[in-house]
2 protein chains.
Amino acid sequence: MSKQATALPLVDLNADAPCCPPLATRRIPAETAAVLAPAFKALGDPVRLQLMSMIASADGGEACVCDLTPAFELSGPTISHHLKTLREAGLIDGERRGTWVYYRARPGIMRQLAGLLATE
Amino acid sequence: MSKQATALPLVDLNADAPCCPPLATRRIPAETAAVLAPAFKALGDPVRLQLMSMIASADGGEACVCDLTPAFELSGPTISHHLKTLREAGLIDGERRGTWVYYRARPGIMRQLAGLLATE
DNA sequence: AGTCTGTCTCGACAAGCGTCGAACTAGATG
DNA sequence: CATCTAGTTCGACGCTTGTCGAGACAGACT
């Protein structure tokens with residue numbers, strides 16, 4: 001349930017400190033782009049962007065799938081698929097507790113992405 | 001050359017002030033997600049992420065296609081296609097000056113995206 | 001006008017993605 | 001054990017995307 005994209009080279013997506021200077025400050029190396037692009041890609045779908053926001057802004061920092069699914073006019077498998085995509089991009093982490101599954105945001109990678117886009 | 005995604009409702013991608021509170025503060029409305037997701041999607045390709053960085057970090061704030069293309073092992077049409085994608089996402093703006101075409105980053109939307117991801 | 005160079009458009013192709021229903025698994029509860 | 005519910009996985013379907021080569025277009029320079 002906490003499966004990670006396996007082999008995260010050179011860039012630590014969980015670090016608190018920014019991995020790299022803003023995109024506009026210095027040209028991103030190809031390896032960095034290869035690691036970070038999938039995270040942006042995962043956020044590049046309206047449903048996943050909303051899911052991400054619902055999870056990150058949820059009370060207690062976590063959201064139950066049972067609360068996420070009915071917020072969309074989409075089938076359960078489709079929501080599950082989007083959550084898997086976010087998970088494999090390293091943006092969220094899921095945990096089963098009894099009957100329900102809860103997801104929480106991984107703050108490290110969010111900081112990496114925000115730092116990269118910073119214009120300062 | 002400065003074609004825009006036409007009809008930007010509710011959210012002004014060029015504004016200097018953030019359009020909305022961070023993703024983790026309040027749940028993003030569907031309309032906002034629909035407007036912002038395409039920008040993340042455009043950044044969700046390693047080549048485009050590098051292009052974006054090369055343009056945004058270039059001397060004078062602009063980069064010539066003639067300098068961008070040879071930086072990748074890709075055909076001219078492919079680079080041109082990626083630049084068009086970034087353009088249509090509102091991330092860059094192109095201008096022809098004589099023989100060459102120059103692209104520059106649109107700082108407003110970058111701020112919107114960074115603000116949305118801010119964890120504060 | 002002719003030509004050369006830089007960039008874009010077009011058409012094609014394989015690969016990837018979003019969606020669904022059906023079938024499956026994990027826990028809870030009878 | 002039987003059954004019910006919450007989520008996930010699987011297989012399939014059409015649509016989108018990344019890539020290319022061929023050709024078109026725009027300026028510069030003979």
# chains A, B, ... in the order shown; residues from 1 in each chain; ligands from 1

$ residues_around --residues "Leu117 (chain A)" --least-positions-apart "2" --cutoff "8 Å" --atoms "only C-alpha atoms (C1' of nucleotides)" --output "PDB file with N, CA and C atoms, in the first residue's frame"
ATOM      1  N   PRO A  22      14.730  26.744  -8.051  1.00  0.00           N
ATOM      2  CA  PRO A  22      13.560  26.906  -8.917  1.00  0.00           C
ATOM      3  C   PRO A  22      13.907  26.732 -10.390  1.00  0.00           C
ATOM      4  N   LEU A  23      12.966  26.207 -11.071  1.00  0.00           N
ATOM      5  CA  LEU A  23      13.004  25.967 -12.509  1.00  0.00           C
ATOM      6  C   LEU A  23      13.514  27.163 -13.305  1.00  0.00           C
ATOM      7  N   ALA A  24      13.194  28.368 -12.820  1.00  0.00           N
ATOM      8  CA  ALA A  24      13.544  29.576 -13.561  1.00  0.00           C
ATOM      9  C   ALA A  24      14.933  30.085 -13.197  1.00  0.00           C
ATOM     10  N   LEU A 113       7.869  20.226  -5.466  1.00  0.00           N
ATOM     11  CA  LEU A 113       7.195  20.745  -6.655  1.00  0.00           C
ATOM     12  C   LEU A 113       6.961  22.246  -6.533  1.00  0.00           C
ATOM     13  N   ALA A 114       6.499  22.672  -5.351  1.00  0.00           N
ATOM     14  CA  ALA A 114       6.249  24.102  -5.153  1.00  0.00           C
ATOM     15  C   ALA A 114       7.549  24.888  -5.290  1.00  0.00           C
ATOM     16  N   GLY A 115       8.620  24.343  -4.737  1.00  0.00           N
ATOM     17  CA  GLY A 115       9.912  25.016  -4.805  1.00  0.00           C
ATOM     18  C   GLY A 115      10.409  25.136  -6.230  1.00  0.00           C
ATOM     19  N   THR A 119       8.900  31.529  -8.261  1.00  0.00           N
ATOM     20  CA  THR A 119       9.482  32.520  -9.152  1.00  0.00           C
ATOM     21  C   THR A 119      10.394  33.480  -8.389  1.00  0.00           C
TER      22      THR A 119
ATOM     23  N   MET B 110       2.818  30.591 -13.394  1.00  0.00           N
ATOM     24  CA  MET B 110       3.784  29.870 -12.558  1.00  0.00           C
ATOM     25  C   MET B 110       3.514  30.147 -11.087  1.00  0.00           C
ATOM     26  N   ARG B 111       3.197  31.409 -10.794  1.00  0.00           N
ATOM     27  CA  ARG B 111       2.905  31.765  -9.402  1.00  0.00           C
ATOM     28  C   ARG B 111       1.631  31.064  -8.923  1.00  0.00           C
ATOM     29  N   LEU B 113       0.435  28.214  -9.870  1.00  0.00           N
ATOM     30  CA  LEU B 113       0.709  26.801  -9.631  1.00  0.00           C
ATOM     31  C   LEU B 113       1.520  26.611  -8.356  1.00  0.00           C
ATOM     32  N   ALA B 114       2.551  27.447  -8.190  1.00  0.00           N
ATOM     33  CA  ALA B 114       3.387  27.334  -6.997  1.00  0.00           C
ATOM     34  C   ALA B 114       2.551  27.597  -5.749  1.00  0.00           C
TER      35      ALA B 114
END

$ residues_around --residues "DA22 (chain C)" --least-positions-apart "2" --cutoff "10 Å" --atoms "only C-alpha atoms (C1' of nucleotides)" --output "NGL selection string"
(:C and (20 or 24)) or (:D and (10-11))

$ select_by_dssp --residues "region 45-120 of chain A" --states "alpha helix (DSSP H)" --output "ChimeraX atom specification"
/A:46-56,65-68,76-88,107-117

$ write_last_selection --atoms "C-alpha atoms" --output "mmCIF file, in the first residue's frame"
data_model
loop_
_atom_site.group_PDB
_atom_site.id
_atom_site.type_symbol
_atom_site.label_atom_id
_atom_site.label_comp_id
_atom_site.auth_asym_id
_atom_site.auth_seq_id
_atom_site.Cartn_x
_atom_site.Cartn_y
_atom_site.Cartn_z
ATOM 1 C CA PRO A 46 -8.868 17.440 -12.897
ATOM 2 C CA VAL A 47 -10.178 14.487 -10.909
ATOM 3 C CA ARG A 48 -6.779 13.717 -9.408
ATOM 4 C CA LEU A 49 -6.156 17.372 -8.641
ATOM 5 C CA GLN A 50 -9.419 17.484 -6.710
ATOM 6 C CA LEU A 51 -8.648 14.180 -4.984
ATOM 7 C CA MET A 52 -5.254 15.531 -3.977
ATOM 8 C CA SER A 53 -6.858 18.657 -2.572
ATOM 9 C CA MET A 54 -9.557 16.746 -0.724
ATOM 10 C CA ILE A 55 -6.932 14.502 0.860
ATOM 11 C CA ALA A 56 -4.450 17.241 1.696
ATOM 12 C CA VAL A 65 -11.981 6.483 0.146
ATOM 13 C CA CYS A 66 -15.569 6.143 1.243
ATOM 14 C CA ASP A 67 -15.742 9.942 1.449
ATOM 15 C CA LEU A 68 -13.808 10.575 -1.761
ATOM 16 C CA GLY A 76 -15.417 3.119 -7.712
ATOM 17 C CA PRO A 77 -12.796 1.408 -9.868
ATOM 18 C CA THR A 78 -12.070 4.679 -11.619
ATOM 19 C CA ILE A 79 -11.486 6.538 -8.355
ATOM 20 C CA SER A 80 -9.361 3.660 -7.152
ATOM 21 C CA HIS A 81 -7.337 3.888 -10.331
ATOM 22 C CA HIS A 82 -6.723 7.610 -9.849
ATOM 23 C CA LEU A 83 -5.684 7.053 -6.244
ATOM 24 C CA LYS A 84 -3.235 4.422 -7.426
ATOM 25 C CA THR A 85 -1.802 6.888 -9.910
ATOM 26 C CA LEU A 86 -1.301 9.499 -7.179
ATOM 27 C CA ARG A 87 0.215 6.826 -4.959
ATOM 28 C CA GLU A 88 2.674 5.648 -7.597
ATOM 29 C CA PRO A 107 4.300 16.774 2.236
ATOM 30 C CA GLY A 108 7.901 16.342 1.076
ATOM 31 C CA ILE A 109 7.189 15.997 -2.592
ATOM 32 C CA MET A 110 4.643 18.813 -2.505
ATOM 33 C CA ARG A 111 7.393 21.093 -1.230
ATOM 34 C CA GLN A 112 9.720 19.909 -3.986
ATOM 35 C CA LEU A 113 7.195 20.745 -6.655
ATOM 36 C CA ALA A 114 6.249 24.102 -5.153
ATOM 37 C CA GLY A 115 9.912 25.016 -4.805
ATOM 38 C CA LEU A 116 10.579 24.145 -8.395
ATOM 39 C CA LEU A 117 7.843 26.465 -9.608
#

$ calpha_fit_and_write --fixed "chain B" --moving "chain A" --output "compact mmCIF listing (two decimals) with N, CA and C atoms, in the first residue's frame"
# COMPACT_ATOMS: atom_id res chain seq x y z
N MET A 1 0.34 33.44 -32.50
CA MET A 1 1.49 32.96 -31.72
C MET A 1 1.27 33.11 -30.23
N SER A 2 0.32 33.99 -29.90
CA SER A 2 0.03 34.14 -28.48
C SER A 2 -1.35 33.55 -28.18
N LYS A 3 -1.67 32.54 -28.93
CA LYS A 3 -2.99 31.95 -28.75
C LYS A 3 -3.15 31.40 -27.33
N GLN A 4 -4.28 31.64 -26.78
CA GLN A 4 -4.57 31.25 -25.41
C GLN A 4 -5.66 30.18 -25.45
N ALA A 5 -5.79 29.46 -24.38
CA ALA A 5 -6.73 28.34 -24.35
C ALA A 5 -8.18 28.78 -24.55
N THR A 6 -8.40 30.04 -24.86
CA THR A 6 -9.74 30.60 -25.06
C THR A 6 -10.65 30.34 -23.86
N ALA A 7 -11.35 31.37 -23.49
CA ALA A 7 -12.29 31.27 -22.37
C ALA A 7 -11.64 30.76 -21.10
N LEU A 8 -11.10 31.67 -20.35
CA LEU A 8 -10.55 31.30 -19.05
C LEU A 8 -11.53 31.76 -17.99
N PRO A 9 -12.39 30.91 -17.58
CA PRO A 9 -13.45 31.34 -16.68
C PRO A 9 -12.98 31.34 -15.24
N LEU A 10 -13.49 32.23 -14.48
CA LEU A 10 -13.35 32.20 -13.02
C LEU A 10 -11.93 32.36 -12.50
N VAL A 11 -10.96 31.77 -13.18
CA VAL A 11 -9.59 31.83 -12.67
C VAL A 11 -8.72 32.57 -13.68
N ASP A 12 -8.08 33.62 -13.21
CA ASP A 12 -7.21 34.39 -14.10
C ASP A 12 -5.77 33.89 -13.96
N LEU A 13 -5.33 33.18 -14.99
CA LEU A 13 -4.01 32.56 -14.93
C LEU A 13 -2.89 33.58 -15.04
N ASN A 14 -3.21 34.80 -15.38
CA ASN A 14 -2.16 35.80 -15.56
C ASN A 14 -2.05 36.75 -14.37
N ALA A 15 -2.98 36.64 -13.47
CA ALA A 15 -2.97 37.54 -12.32
C ALA A 15 -1.70 37.35 -11.50
N ASP A 16 -1.29 38.41 -10.85
CA ASP A 16 -0.11 38.32 -10.00
C ASP A 16 -0.49 37.70 -8.65
N ALA A 17 -1.66 38.08 -8.17
CA ALA A 17 -2.10 37.54 -6.90
C ALA A 17 -2.57 36.10 -7.10
N PRO A 18 -2.37 35.27 -6.09
CA PRO A 18 -2.80 33.88 -6.22
C PRO A 18 -4.30 33.79 -6.44
N CYS A 19 -4.70 32.89 -7.31
CA CYS A 19 -6.12 32.74 -7.64
C CYS A 19 -6.86 32.07 -6.51
N CYS A 20 -6.11 31.26 -5.72
CA CYS A 20 -6.81 30.45 -4.74
C CYS A 20 -5.83 30.04 -3.65
N PRO A 21 -6.39 29.71 -2.50
CA PRO A 21 -5.52 29.27 -1.40
C PRO A 21 -4.88 27.94 -1.77
N PRO A 22 -3.81 27.59 -1.05
CA PRO A 22 -3.13 26.33 -1.35
C PRO A 22 -4.09 25.14 -1.32
N LEU A 23 -3.78 24.23 -2.16
CA LEU A 23 -4.49 22.97 -2.32
C LEU A 23 -4.79 22.27 -0.99
N ALA A 24 -3.86 22.42 -0.04
CA ALA A 24 -3.99 21.72 1.23
C ALA A 24 -4.80 22.51 2.25
N THR A 25 -5.16 23.75 1.88
CA THR A 25 -5.88 24.59 2.83
C THR A 25 -7.39 24.42 2.67
N ARG A 26 -7.82 24.50 1.41
CA ARG A 26 -9.25 24.35 1.14
C ARG A 26 -9.41 23.49 -0.10
N ARG A 27 -10.47 22.73 -0.13
CA ARG A 27 -10.74 21.85 -1.26
C ARG A 27 -10.96 22.66 -2.53
N ILE A 28 -10.24 22.29 -3.58
CA ILE A 28 -10.35 22.98 -4.85
C ILE A 28 -11.70 22.70 -5.50
N PRO A 29 -12.39 23.74 -5.98
CA PRO A 29 -13.62 23.50 -6.72
C PRO A 29 -13.32 22.85 -8.07
N ALA A 30 -14.29 22.15 -8.60
CA ALA A 30 -14.11 21.44 -9.86
C ALA A 30 -13.70 22.38 -10.98
N GLU A 31 -14.26 23.59 -11.01
CA GLU A 31 -13.95 24.52 -12.10
C GLU A 31 -12.49 24.94 -12.03
N THR A 32 -12.01 25.19 -10.83
CA THR A 32 -10.61 25.56 -10.68
C THR A 32 -9.70 24.42 -11.11
N ALA A 33 -10.05 23.23 -10.71
CA ALA A 33 -9.25 22.06 -11.09
C ALA A 33 -9.21 21.92 -12.61
N ALA A 34 -10.35 22.18 -13.25
CA ALA A 34 -10.42 22.03 -14.70
C ALA A 34 -9.52 23.03 -15.41
N VAL A 35 -9.34 24.21 -14.79
CA VAL A 35 -8.52 25.24 -15.41
C VAL A 35 -7.03 24.99 -15.15
N LEU A 36 -6.71 24.55 -13.93
CA LEU A 36 -5.31 24.41 -13.55
C LEU A 36 -4.70 23.08 -13.99
N ALA A 37 -5.48 22.03 -14.02
CA ALA A 37 -4.94 20.70 -14.35
C ALA A 37 -4.18 20.69 -15.69
N PRO A 38 -4.70 21.32 -16.74
CA PRO A 38 -3.95 21.30 -18.01
C PRO A 38 -2.54 21.88 -17.89
N ALA A 39 -2.36 22.84 -17.01
CA ALA A 39 -1.01 23.41 -16.83
C ALA A 39 -0.09 22.36 -16.20
N PHE A 40 -0.58 21.66 -15.18
CA PHE A 40 0.23 20.60 -14.57
C PHE A 40 0.49 19.51 -15.60
N LYS A 41 -0.52 19.20 -16.37
CA LYS A 41 -0.38 18.16 -17.39
C LYS A 41 0.73 18.52 -18.37
N ALA A 42 0.76 19.79 -18.75
CA ALA A 42 1.79 20.23 -19.70
C ALA A 42 3.18 20.07 -19.10
N LEU A 43 3.29 20.23 -17.79
CA LEU A 43 4.59 20.08 -17.13
C LEU A 43 4.89 18.61 -16.84
N GLY A 44 3.94 17.74 -17.14
CA GLY A 44 4.07 16.34 -16.78
C GLY A 44 4.83 15.50 -17.79
N ASP A 45 5.60 16.13 -18.62
CA ASP A 45 6.46 15.41 -19.56
C ASP A 45 7.89 15.89 -19.37
N PRO A 46 8.84 14.97 -19.25
CA PRO A 46 10.23 15.36 -18.95
C PRO A 46 10.79 16.36 -19.96
N VAL A 47 10.48 16.16 -21.23
CA VAL A 47 11.00 17.08 -22.24
C VAL A 47 10.42 18.47 -22.03
N ARG A 48 9.11 18.55 -21.80
CA ARG A 48 8.50 19.86 -21.62
C ARG A 48 8.97 20.52 -20.34
N LEU A 49 9.20 19.73 -19.30
CA LEU A 49 9.69 20.30 -18.05
C LEU A 49 11.08 20.92 -18.27
N GLN A 50 11.91 20.24 -19.03
CA GLN A 50 13.23 20.78 -19.33
C GLN A 50 13.10 22.02 -20.22
N LEU A 51 12.24 21.95 -21.22
CA LEU A 51 12.03 23.11 -22.10
C LEU A 51 11.61 24.32 -21.26
N MET A 52 10.65 24.08 -20.38
CA MET A 52 10.15 25.16 -19.52
C MET A 52 11.29 25.76 -18.72
N SER A 53 12.13 24.90 -18.17
CA SER A 53 13.24 25.39 -17.36
C SER A 53 14.26 26.14 -18.21
N MET A 54 14.54 25.62 -19.38
CA MET A 54 15.51 26.29 -20.26
C MET A 54 15.00 27.67 -20.64
N ILE A 55 13.70 27.78 -20.90
CA ILE A 55 13.12 29.06 -21.30
C ILE A 55 13.10 30.02 -20.12
N ALA A 56 12.61 29.52 -18.98
CA ALA A 56 12.45 30.40 -17.82
C ALA A 56 13.79 30.86 -17.26
N SER A 57 14.81 30.05 -17.42
CA SER A 57 16.10 30.41 -16.84
C SER A 57 17.06 31.04 -17.85
N ALA A 58 16.58 31.24 -19.06
CA ALA A 58 17.45 31.77 -20.12
C ALA A 58 17.83 33.23 -19.85
N ASP A 59 18.98 33.58 -20.35
CA ASP A 59 19.43 34.98 -20.26
C ASP A 59 18.43 35.87 -20.98
N GLY A 60 18.06 36.98 -20.37
CA GLY A 60 17.11 37.89 -20.98
C GLY A 60 15.69 37.39 -20.90
N GLY A 61 15.50 36.25 -20.24
CA GLY A 61 14.15 35.73 -20.03
C GLY A 61 13.53 35.08 -21.25
N GLU A 62 14.32 34.92 -22.31
CA GLU A 62 13.75 34.27 -23.49
C GLU A 62 14.77 33.36 -24.14
N ALA A 63 14.23 32.35 -24.82
CA ALA A 63 15.09 31.37 -25.47
C ALA A 63 14.64 31.18 -26.91
N CYS A 64 15.64 31.00 -27.79
CA CYS A 64 15.38 30.79 -29.21
C CYS A 64 15.16 29.30 -29.45
N VAL A 65 14.20 28.98 -30.30
CA VAL A 65 13.95 27.57 -30.65
C VAL A 65 15.23 26.94 -31.19
N CYS A 66 16.02 27.76 -31.85
CA CYS A 66 17.25 27.24 -32.44
C CYS A 66 18.23 26.79 -31.38
N ASP A 67 18.07 27.29 -30.14
CA ASP A 67 18.92 26.83 -29.05
C ASP A 67 18.29 25.66 -28.31
N LEU A 68 16.96 25.61 -28.32
CA LEU A 68 16.25 24.56 -27.58
C LEU A 68 16.35 23.22 -28.30
N THR A 69 16.12 23.24 -29.59
CA THR A 69 16.03 21.98 -30.35
C THR A 69 17.28 21.11 -30.24
N PRO A 70 18.47 21.66 -30.45
CA PRO A 70 19.64 20.78 -30.43
C PRO A 70 19.98 20.23 -29.04
N ALA A 71 19.27 20.70 -28.00
CA ALA A 71 19.53 20.20 -26.66
C ALA A 71 18.88 18.83 -26.42
N PHE A 72 18.08 18.38 -27.36
CA PHE A 72 17.40 17.10 -27.23
C PHE A 72 17.69 16.23 -28.44
N GLU A 73 17.57 14.95 -28.23
CA GLU A 73 17.73 14.04 -29.37
C GLU A 73 16.37 13.74 -29.94
N LEU A 74 15.72 14.79 -30.35
CA LEU A 74 14.36 14.67 -30.88
C LEU A 74 14.27 15.52 -32.14
N SER A 75 13.34 15.17 -32.99
CA SER A 75 13.18 15.91 -34.25
C SER A 75 12.64 17.31 -33.99
N GLY A 76 12.84 18.19 -34.95
CA GLY A 76 12.31 19.55 -34.86
C GLY A 76 10.81 19.58 -34.67
N PRO A 77 10.06 18.85 -35.47
CA PRO A 77 8.60 18.83 -35.29
C PRO A 77 8.18 18.42 -33.88
N THR A 78 8.91 17.50 -33.30
CA THR A 78 8.53 17.06 -31.95
C THR A 78 8.74 18.18 -30.93
N ILE A 79 9.86 18.87 -31.02
CA ILE A 79 10.09 20.00 -30.12
C ILE A 79 9.03 21.07 -30.35
N SER A 80 8.74 21.32 -31.60
CA SER A 80 7.72 22.32 -31.93
C SER A 80 6.38 21.93 -31.32
N HIS A 81 6.08 20.67 -31.38
CA HIS A 81 4.83 20.17 -30.80
C HIS A 81 4.78 20.40 -29.28
N HIS A 82 5.90 20.13 -28.62
CA HIS A 82 5.94 20.33 -27.16
C HIS A 82 5.81 21.81 -26.82
N LEU A 83 6.45 22.66 -27.61
CA LEU A 83 6.34 24.10 -27.37
C LEU A 83 4.90 24.55 -27.55
N LYS A 84 4.23 23.98 -28.53
CA LYS A 84 2.82 24.33 -28.74
C LYS A 84 1.98 23.92 -27.54
N THR A 85 2.29 22.75 -27.01
CA THR A 85 1.56 22.27 -25.83
C THR A 85 1.74 23.23 -24.66
N LEU A 86 2.98 23.65 -24.42
CA LEU A 86 3.26 24.59 -23.33
C LEU A 86 2.54 25.91 -23.59
N ARG A 87 2.53 26.32 -24.86
CA ARG A 87 1.89 27.57 -25.23
C ARG A 87 0.39 27.50 -24.96
N GLU A 88 -0.23 26.41 -25.39
CA GLU A 88 -1.68 26.28 -25.23
C GLU A 88 -2.07 26.10 -23.77
N ALA A 89 -1.11 25.67 -22.94
CA ALA A 89 -1.39 25.58 -21.51
C ALA A 89 -1.20 26.93 -20.83
N GLY A 90 -0.77 27.92 -21.61
CA GLY A 90 -0.61 29.26 -21.05
C GLY A 90 0.69 29.46 -20.31
N LEU A 91 1.63 28.52 -20.45
CA LEU A 91 2.87 28.60 -19.68
C LEU A 91 3.93 29.45 -20.36
N ILE A 92 3.91 29.49 -21.67
CA ILE A 92 4.89 30.28 -22.39
C ILE A 92 4.23 31.07 -23.50
N ASP A 93 4.98 31.96 -24.07
CA ASP A 93 4.51 32.84 -25.11
C ASP A 93 5.60 32.94 -26.17
N GLY A 94 5.21 32.82 -27.43
CA GLY A 94 6.21 32.83 -28.49
C GLY A 94 6.11 34.06 -29.36
N GLU A 95 7.24 34.44 -29.92
CA GLU A 95 7.26 35.63 -30.79
C GLU A 95 8.31 35.42 -31.86
N ARG A 96 7.93 35.68 -33.09
CA ARG A 96 8.88 35.57 -34.20
C ARG A 96 9.57 36.91 -34.38
N ARG A 97 10.91 36.89 -34.46
CA ARG A 97 11.66 38.12 -34.74
C ARG A 97 12.64 37.78 -35.85
N GLY A 98 12.28 38.18 -37.04
CA GLY A 98 13.13 37.86 -38.18
C GLY A 98 13.09 36.37 -38.45
N THR A 99 14.25 35.80 -38.52
CA THR A 99 14.33 34.38 -38.87
C THR A 99 13.95 33.48 -37.70
N TRP A 100 14.18 33.95 -36.50
CA TRP A 100 14.04 33.06 -35.34
C TRP A 100 12.80 33.32 -34.52
N VAL A 101 12.41 32.30 -33.78
CA VAL A 101 11.26 32.39 -32.89
C VAL A 101 11.75 32.27 -31.45
N TYR A 102 11.30 33.19 -30.61
CA TYR A 102 11.72 33.22 -29.21
C TYR A 102 10.53 32.94 -28.30
N TYR A 103 10.80 32.21 -27.25
CA TYR A 103 9.76 31.91 -26.27
C TYR A 103 10.14 32.48 -24.91
N ARG A 104 9.14 32.95 -24.18
CA ARG A 104 9.37 33.39 -22.81
C ARG A 104 8.31 32.80 -21.88
N ALA A 105 8.65 32.68 -20.61
CA ALA A 105 7.71 32.12 -19.63
C ALA A 105 6.70 33.19 -19.23
N ARG A 106 5.50 32.76 -18.92
CA ARG A 106 4.49 33.65 -18.37
C ARG A 106 4.53 33.50 -16.86
N PRO A 107 5.01 34.50 -16.16
CA PRO A 107 5.24 34.33 -14.72
C PRO A 107 3.95 34.18 -13.92
N GLY A 108 2.86 34.77 -14.39
CA GLY A 108 1.61 34.73 -13.62
C GLY A 108 1.17 33.31 -13.30
N ILE A 109 1.09 32.51 -14.31
CA ILE A 109 0.57 31.15 -14.10
C ILE A 109 1.52 30.31 -13.26
N MET A 110 2.83 30.58 -13.40
CA MET A 110 3.79 29.86 -12.56
C MET A 110 3.52 30.14 -11.09
N ARG A 111 3.20 31.40 -10.80
CA ARG A 111 2.90 31.77 -9.41
C ARG A 111 1.63 31.07 -8.93
N GLN A 112 0.63 31.00 -9.84
CA GLN A 112 -0.60 30.32 -9.46
C GLN A 112 -0.32 28.87 -9.06
N LEU A 113 0.45 28.21 -9.87
CA LEU A 113 0.72 26.79 -9.63
C LEU A 113 1.54 26.60 -8.36
N ALA A 114 2.56 27.44 -8.19
CA ALA A 114 3.40 27.33 -6.99
C ALA A 114 2.57 27.60 -5.75
N GLY A 115 1.70 28.59 -5.83
CA GLY A 115 0.85 28.93 -4.69
C GLY A 115 -0.10 27.81 -4.33
N LEU A 116 -0.57 27.14 -5.33
CA LEU A 116 -1.50 26.04 -5.10
C LEU A 116 -0.83 24.89 -4.36
N LEU A 117 0.44 24.67 -4.66
CA LEU A 117 1.16 23.55 -4.05
C LEU A 117 1.78 23.91 -2.70
N ALA A 118 1.79 25.19 -2.38
CA ALA A 118 2.44 25.64 -1.14
C ALA A 118 1.87 24.89 0.05
N THR A 119 2.77 24.49 0.97
CA THR A 119 2.30 23.76 2.14
C THR A 119 2.22 24.68 3.36
N GLU A 120 2.99 25.72 3.31
CA GLU A 120 3.13 26.68 4.41
C GLU A 120 2.85 26.07 5.77

$ closest_atom_pairs --of "chain C" --to "chain B" --cutoff "9 Å" --atoms "only C-alpha atoms (C1' of nucleotides)" --output "JSON lines"
{"residue": "C:DT5", "atom": "C1'", "partner": "B:Thr99", "partner_atom": "CA", "distance": 8.3}
{"residue": "C:DG6", "atom": "C1'", "partner": "B:Thr99", "partner_atom": "CA", "distance": 6.4}
{"residue": "C:DT7", "atom": "C1'", "partner": "B:Val101", "partner_atom": "CA", "distance": 7.6}
{"residue": "C:DC8", "atom": "C1'", "partner": "B:Ser80", "partner_atom": "CA", "distance": 7.0}
{"residue": "C:DT9", "atom": "C1'", "partner": "B:Pro77", "partner_atom": "CA", "distance": 9.0}

$ write_last_selection --atoms "C-alpha atoms (C1' of nucleotides)" --output "PDB file, in the first residue's frame"
ATOM      1  C1'  DT C   5      17.432  28.084 -43.390  1.00  0.00           C
ATOM      2  C1'  DG C   6      14.481  27.963 -39.385  1.00  0.00           C
ATOM      3  C1'  DT C   7      10.011  26.721 -37.753  1.00  0.00           C
ATOM      4  C1'  DC C   8       5.408  24.959 -38.035  1.00  0.00           C
ATOM      5  C1'  DT C   9       1.561  21.929 -39.829  1.00  0.00           C
TER       6       DT C   9
END

$ atom_distance --atom1 "C1' of DC4 (chain C)" --atom2 "C1' of DC20 (chain D)"
23.4 Å

$ atom_distance --atom1 "C1' of DC29 (chain D)" --atom2 "C1' of DG2 (chain C)"
10.6 Å

$ atom_distance --atom1 "C1' of DA12 (chain D)" --atom2 "C1' of DG21 (chain C)"
9.7 Å

$ interface_residues --of "chain D" --to "chain A" --cutoff "9 Å" --atoms "only C-alpha atoms (C1' of nucleotides)" --output "list of chain:residue names"
D:DT5, D:DA6, D:DG7, D:DT8, D:DT9

$ select_by_dssp --residues "chain A" --states "strand (DSSP E or B)" --output "NGL selection string"
:A and (62-64 or 92-97 or 100-105)

$ write_last_selection --atoms "C-alpha atoms" --output "PDB file, in the first residue's frame"
ATOM      1  CA  GLU A  62      -6.335  12.022   5.942  1.00  0.00           C
ATOM      2  CA  ALA A  63      -9.364  11.117   3.900  1.00  0.00           C
ATOM      3  CA  CYS A  64     -11.339   7.894   3.613  1.00  0.00           C
ATOM      4  CA  ILE A  92      -0.085  10.191  -1.351  1.00  0.00           C
ATOM      5  CA  ASP A  93       0.124   7.211   0.912  1.00  0.00           C
ATOM      6  CA  GLY A  94      -2.658   4.769   1.708  1.00  0.00           C
ATOM      7  CA  GLU A  95      -3.379   2.681   4.761  1.00  0.00           C
ATOM      8  CA  ARG A  96      -6.133   0.197   5.479  1.00  0.00           C
ATOM      9  CA  ARG A  97      -7.672   0.401   8.962  1.00  0.00           C
ATOM     10  CA  TRP A 100     -11.841   1.463   5.342  1.00  0.00           C
ATOM     11  CA  VAL A 101      -8.797   2.737   3.505  1.00  0.00           C
ATOM     12  CA  TYR A 102      -7.371   6.158   4.339  1.00  0.00           C
ATOM     13  CA  TYR A 103      -5.061   8.284   2.247  1.00  0.00           C
ATOM     14  CA  ARG A 104      -2.765  11.090   3.328  1.00  0.00           C
ATOM     15  CA  ALA A 105      -0.593  13.538   1.390  1.00  0.00           C
TER      16      ALA A 105
END
